[in-house]
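Structure file my_file-v8.cif; described as mmCIF, C-alpha atoms.
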data_structure
loop_
_atom_site.group_PDB
_atom_site.id
_atom_site.type_symbol
_atom_site.label_atom_id
_atom_site.label_comp_id
_atom_site.auth_asym_id
_atom_site.auth_seq_id
_atom_site.Cartn_x
_atom_site.Cartn_y
_atom_site.Cartn_z
ATOM 1 C CA MET A 366 0.715 -16.947 -1.536
ATOM 2 C CA ALA A 367 4.438 -17.325 -2.209
ATOM 3 C CA GLN A 368 5.438 -19.092 -5.351
ATOM 4 C CA ALA A 369 8.339 -21.494 -5.329
ATOM 5 C CA PHE A 370 11.819 -20.098 -5.778
ATOM 6 C CA ARG A 371 12.611 -20.285 -9.467
ATOM 7 C CA SER A 372 16.082 -20.597 -10.941
ATOM 8 C CA HIS A 373 17.081 -18.831 -14.136
ATOM 9 C CA PRO A 374 19.746 -19.658 -16.733
ATOM 10 C CA ASP A 375 21.977 -16.801 -15.565
ATOM 11 C CA GLY A 376 22.139 -18.372 -12.084
ATOM 12 C CA HIS A 377 19.894 -16.052 -10.110
ATOM 13 C CA LEU A 378 16.692 -17.058 -8.314
ATOM 14 C CA THR A 379 13.395 -15.235 -8.074
ATOM 15 C CA VAL A 380 10.482 -15.500 -5.675
ATOM 16 C CA GLN A 381 7.191 -13.618 -5.572
ATOM 17 C CA LEU A 382 5.831 -12.850 -2.090
ATOM 18 C CA ALA A 383 2.416 -11.524 -1.147
ATOM 19 C CA PRO A 384 2.639 -8.367 1.008
ATOM 20 C CA GLN A 385 1.441 -10.206 4.129
ATOM 21 C CA GLU A 386 4.055 -12.932 3.575
ATOM 22 C CA ALA A 387 6.785 -10.314 3.333
ATOM 23 C CA ASP A 388 5.448 -8.710 6.536
ATOM 24 C CA LEU A 389 5.474 -12.069 8.330
ATOM 25 C CA LEU A 390 9.039 -12.727 7.178
ATOM 26 C CA ARG A 391 10.102 -9.270 8.388
ATOM 27 C CA TYR A 392 8.661 -10.061 11.820
ATOM 28 C CA LEU A 393 10.269 -13.522 12.006
ATOM 29 C CA ILE A 394 13.658 -12.278 10.796
ATOM 30 C CA GLY A 395 13.456 -9.383 13.272
ATOM 31 C CA ASP A 396 12.842 -11.924 16.034
ATOM 32 C CA VAL A 397 16.020 -13.831 15.094
ATOM 33 C CA ILE A 398 18.029 -10.611 14.752
ATOM 34 C CA GLU A 399 16.921 -9.515 18.215
ATOM 35 C CA LEU A 400 17.675 -12.946 19.654
ATOM 36 C CA VAL A 401 21.273 -12.977 18.410
ATOM 37 C CA ALA A 402 22.060 -9.305 19.024
ATOM 38 C CA VAL A 403 25.545 -8.998 20.475
ATOM 39 C CA PRO A 404 25.275 -7.922 24.107
ATOM 40 C CA ALA A 405 27.699 -5.142 24.952
ATOM 41 C CA PRO A 406 29.894 -5.901 27.949
ATOM 42 C CA ALA A 407 29.422 -3.475 30.818
ATOM 43 C CA SER A 408 33.082 -2.479 30.740
ATOM 44 C CA ALA A 409 33.410 -2.240 26.966
ATOM 45 C CA VAL A 410 35.597 0.526 25.688
ATOM 46 C CA GLU A 411 34.478 1.906 22.342
ATOM 47 C CA SER A 412 37.164 1.146 19.796
ATOM 48 C CA ASP A 413 37.403 0.774 16.037
ATOM 49 C CA ASP A 414 40.507 -1.358 16.511
ATOM 50 C CA PRO A 415 39.630 -5.046 15.895
ATOM 51 C CA PHE A 416 42.641 -6.200 17.929
ATOM 52 C CA ALA A 417 41.558 -4.111 20.934
ATOM 53 C CA ALA A 418 38.044 -5.566 20.627
ATOM 54 C CA LEU A 419 39.477 -9.105 20.586
ATOM 55 C CA VAL A 420 41.634 -8.416 23.637
ATOM 56 C CA GLU A 421 38.570 -6.992 25.419
ATOM 57 C CA ARG A 422 36.594 -10.177 24.638
ATOM 58 C CA LEU A 423 39.453 -12.389 25.829
ATOM 59 C CA HIS A 424 39.518 -10.606 29.181
ATOM 60 C CA MET A 425 35.784 -10.963 29.703
ATOM 61 C CA PRO A 426 34.692 -13.763 32.012
ATOM 62 C CA SER A 427 33.524 -16.986 30.374
ATOM 63 C CA ILE A 428 30.348 -16.543 28.417
ATOM 64 C CA TYR A 429 27.481 -18.687 29.652
ATOM 65 C CA PRO A 430 24.871 -20.264 27.389
ATOM 66 C CA PRO A 431 21.918 -17.993 26.647
ATOM 67 C CA SER A 432 18.983 -18.423 29.019
ATOM 68 C CA ASP A 433 16.431 -18.381 26.173
ATOM 69 C CA PRO A 434 16.076 -21.943 24.785
ATOM 70 C CA ALA A 435 15.631 -20.587 21.237
ATOM 71 C CA ALA A 436 18.894 -18.621 21.501
ATOM 72 C CA ARG A 437 20.600 -21.734 22.901
ATOM 73 C CA ARG A 438 19.414 -23.595 19.802
ATOM 74 C CA LEU A 439 21.127 -21.004 17.592
ATOM 75 C CA LEU A 440 24.208 -20.785 19.841
ATOM 76 C CA PRO A 441 24.667 -24.329 21.178
ATOM 77 C CA ASP A 442 27.442 -25.571 23.427
ATOM 78 C CA ALA A 443 30.369 -27.068 21.528
ATOM 79 C CA SER A 444 31.017 -29.683 24.196
ATOM 80 C CA ASN A 445 29.259 -31.585 26.969
ATOM 81 C CA ASP A 446 32.103 -30.510 29.248
ATOM 82 C CA PRO A 447 30.905 -27.190 30.750
ATOM 83 C CA GLU A 448 34.436 -25.821 31.103
ATOM 84 C CA LEU A 449 35.372 -26.583 27.486
ATOM 85 C CA ALA A 450 32.006 -25.291 26.263
ATOM 86 C CA ALA A 451 32.510 -22.008 28.152
ATOM 87 C CA GLU A 452 36.025 -21.589 26.772
ATOM 88 C CA PHE A 453 34.884 -22.284 23.207
ATOM 89 C CA ARG A 454 31.924 -19.917 23.644
ATOM 90 C CA THR A 455 34.292 -17.184 24.859
ATOM 91 C CA TYR A 456 36.199 -17.332 21.576
ATOM 92 C CA THR A 457 33.337 -17.917 19.125
ATOM 93 C CA GLU A 458 29.957 -16.677 20.342
ATOM 94 C CA HIS A 459 30.488 -12.998 19.576
ATOM 95 C CA ASP A 460 31.439 -13.705 15.967
ATOM 96 C CA LEU A 461 28.635 -16.236 15.504
ATOM 97 C CA ARG A 462 26.086 -13.750 16.860
ATOM 98 C CA GLN A 463 27.474 -11.030 14.608
ATOM 99 C CA LEU A 464 27.403 -13.313 11.548
ATOM 100 C CA ARG A 465 23.777 -14.325 12.141
ATOM 101 C CA HIS A 466 22.788 -10.734 12.922
ATOM 102 C CA GLU A 467 24.374 -9.276 9.772
ATOM 103 C CA ARG A 468 23.032 -12.073 7.576
ATOM 104 C CA GLY A 469 19.544 -11.449 8.971
ATOM 105 C CA LEU A 470 19.865 -7.729 8.257
ATOM 106 C CA ARG A 471 20.893 -8.403 4.643
ATOM 107 C CA VAL A 472 17.939 -10.728 4.069
ATOM 108 C CA LEU A 473 15.627 -8.258 5.785
ATOM 109 C CA ALA A 474 16.904 -5.480 3.518
ATOM 110 C CA SER A 475 16.306 -7.645 0.445
ATOM 111 C CA LEU A 476 12.603 -7.762 1.333
ATOM 112 C CA GLU A 477 12.500 -4.039 0.544
ATOM 113 C CA ASP A 478 13.547 -4.734 -3.050
ATOM 114 C CA THR A 479 11.050 -5.029 -5.862
ATOM 115 C CA ASN A 480 8.724 -7.985 -5.955
ATOM 116 C CA PRO A 481 9.531 -10.521 -7.331
ATOM 117 C CA LEU A 482 12.751 -10.724 -5.383
ATOM 118 C CA ARG A 483 15.819 -11.444 -7.476
ATOM 119 C CA LEU A 484 18.551 -13.285 -5.579
ATOM 120 C CA THR A 485 22.076 -14.224 -6.532
ATOM 121 C CA VAL A 486 23.170 -17.737 -5.579
ATOM 122 C CA GLN A 487 25.121 -16.318 -2.612
ATOM 123 C CA HIS A 488 22.143 -14.287 -1.425
ATOM 124 C CA ALA A 489 19.873 -17.321 -1.858
ATOM 125 C CA GLN A 490 22.244 -19.274 0.405
ATOM 126 C CA GLU A 491 21.917 -16.514 3.017
ATOM 127 C CA TRP A 492 18.146 -16.720 2.666
ATOM 128 C CA ALA A 493 18.298 -20.484 3.260
ATOM 129 C CA GLN A 494 20.456 -19.966 6.366
ATOM 130 C CA VAL A 495 18.125 -17.292 7.767
ATOM 131 C CA LEU A 496 15.057 -19.433 7.055
ATOM 132 C CA ALA A 497 16.772 -22.319 8.874
ATOM 133 C CA ASP A 498 17.428 -19.991 11.840
ATOM 134 C CA ILE A 499 13.751 -18.992 11.847
ATOM 135 C CA ARG A 500 12.721 -22.643 11.757
ATOM 136 C CA LEU A 501 15.017 -23.497 14.688
ATOM 137 C CA VAL A 502 13.669 -20.598 16.756
ATOM 138 C CA ARG A 503 9.996 -21.265 15.948
ATOM 139 C CA GLY A 504 10.376 -25.009 16.446
ATOM 140 C CA THR A 505 12.066 -24.535 19.811
ATOM 141 C CA ARG A 506 9.392 -22.122 20.987
ATOM 142 C CA LEU A 507 6.660 -24.525 19.878
ATOM 143 C CA GLY A 508 8.361 -27.526 21.451
ATOM 144 C CA VAL A 509 8.691 -29.296 18.099
ATOM 145 C CA SER A 510 11.380 -31.929 18.273
ATOM 146 C CA HIS A 511 10.759 -33.811 14.999
ATOM 147 C CA ASP A 512 9.446 -32.856 11.569
ATOM 148 C CA ASP A 513 6.479 -35.186 12.101
ATOM 149 C CA ASP A 514 5.624 -33.678 15.504
ATOM 150 C CA ASN A 515 2.115 -32.374 14.826
ATOM 151 C CA ASP A 516 0.704 -32.304 18.356
ATOM 152 C CA ALA A 517 -0.517 -28.713 18.142
ATOM 153 C CA ASP A 518 -3.269 -27.575 20.472
ATOM 154 C CA ASP A 519 -5.945 -25.166 19.224
ATOM 155 C CA GLU A 520 -4.071 -22.108 20.517
ATOM 156 C CA SER A 521 -0.900 -22.851 18.594
ATOM 157 C CA THR A 522 -2.423 -23.943 15.263
ATOM 158 C CA VAL A 523 -1.497 -20.651 13.552
ATOM 159 C CA ALA A 524 2.005 -20.789 15.035
ATOM 160 C CA HIS A 525 2.376 -24.371 13.775
ATOM 161 C CA ASP A 526 1.129 -23.319 10.346
ATOM 162 C CA VAL A 527 3.795 -20.598 10.235
ATOM 163 C CA TYR A 528 6.395 -23.149 11.333
#
Please express the file's structure as structure tokens.
Amino acid sequence: MAQAFRSHPDGHLTVQLAPQEADLLRYLIGDVIELVAVPAPASAVESDDPFAALVERLHMPSIYPPSDPAARRLLPDASNDPELAAEFRTYTEHDLRQLRHERGLRVLASLEDTNPLRLTVQHAQEWAQVLADIRLVRGTRLGVSHDDDNDADDESTVAHDVY
């Protein structure tokens, strides 16, 4: 079973994970990574030019909220006004997806390091953000709306325990 994260005088943190805990985290992080993967527009032209990519995104039609409730939790509307929310999403969703995706990949890669894991403060912050993403996704899929919501049926007991 995982031990608590421990801080050290030089500022880094360590955590010891059992192999099955690391496997579970790999699965959960992979789920988030897949959920936020940046969908390629049908008309996208391959380009290494960031300006061309921005112009391409600006000419795409408004981006609609994701249909998956868990993805909507990670990529919420910025306004109750659908038109403003769509405009904001057009300018921000791609970058937010990319940020969450890359952060998830870095945390996933760190699980391949030696055990115990040794994390810098910055990497520990990324871990906290990825764990929060996992919690949002799992909670949404379980229908948990409050921390004290413990109405799990027998089929979801393991899922609630993971949450």
Neighbour list for Ala402 in chain A as a ChimeraX atom specification, cut-off 12 Å, all atoms listed in the file, skip fewer than 3 positions in-chain: /A:395-399,405,431,436,439-440,458-470
Do a neighbour search on Thr485 in chain A at 12 Å with all atoms listed in the file, toss out local chain neighbours closer than 2 positions, and write the hits as a list in words.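 The filter keeps Phe370, Arg371, Ser372, His373, Pro374, Asp375, Gly376, His377, Leu378, Thr379, Val380, Val472, Ser475, Leu482, Arg483, Gln487, His488, Ala489, Gln490, Glu491 and Trp492 of chain A.
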Counting all atoms listed in the file, which residue out of A:Leu496, A:Leu400, A:Leu382, A:Leu501 sits closest to Glu477 in chain A?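 Among A:Leu496, A:Leu400, A:Leu382, A:Leu501, it is A:Leu382 that comes nearest to Glu477 in chain A.
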For Arg454 in chain A, which residue out of A:Ala417, A:Leu389, A:Val495, A:Pro430 is the nearest one, using all atoms listed in the file? A:Pro430
Any chance you could work out the axis-aligned box around range 484-495 of chain A, listed atoms only, 8 Å on each side, giving centre and edge lengths in Å to one decimal, as AutoDock Vina command-line options?
--center_x 21.6 --center_y -16.9 --center_z 0.6 --size_x 23.0 --size_y 23.2 --size_z 30.3
Take CA of Thr455 in chain A and CA of Ala493 in chain A and report the distance between them in Å, one decimal. 27.1 Å
Point-to-point distance in Å for CA of Ala497 in chain A and CA of Tyr392 in chain A: 15.0 Å
Which value, in Å to one decimal, gives the distance between CA of Thr505 in chain A and CA of Asp433 in chain A? 9.9 Å
Which neighbours of range 442-444 of chain A fall inside 8 Å, counting all atoms listed in the file, when residues of the same chain fewer than 5 positions from it are skipped, and could you give them as a PyMOL selection string? chain A and resi 430+437+449-451+453-454
Could you write out the selected residues, including C-alpha atoms, as a compact mmCIF listing (two decimals), in the coordinates of the input?
# COMPACT_ATOMS: atom_id res chain seq x y z
CA PRO A 430 24.87 -20.26 27.39
CA ARG A 437 20.60 -21.73 22.90
CA LEU A 449 35.37 -26.58 27.49
CA ALA A 450 32.01 -25.29 26.26
CA ALA A 451 32.51 -22.01 28.15
CA PHE A 453 34.88 -22.28 23.21
CA ARG A 454 31.92 -19.92 23.64
Top pick for closest residue to Arg391 in chain A, considering A:Asn480, A:Asp413, A:Pro447, A:Ile499 and counting all atoms listed in the file: A:Ile499
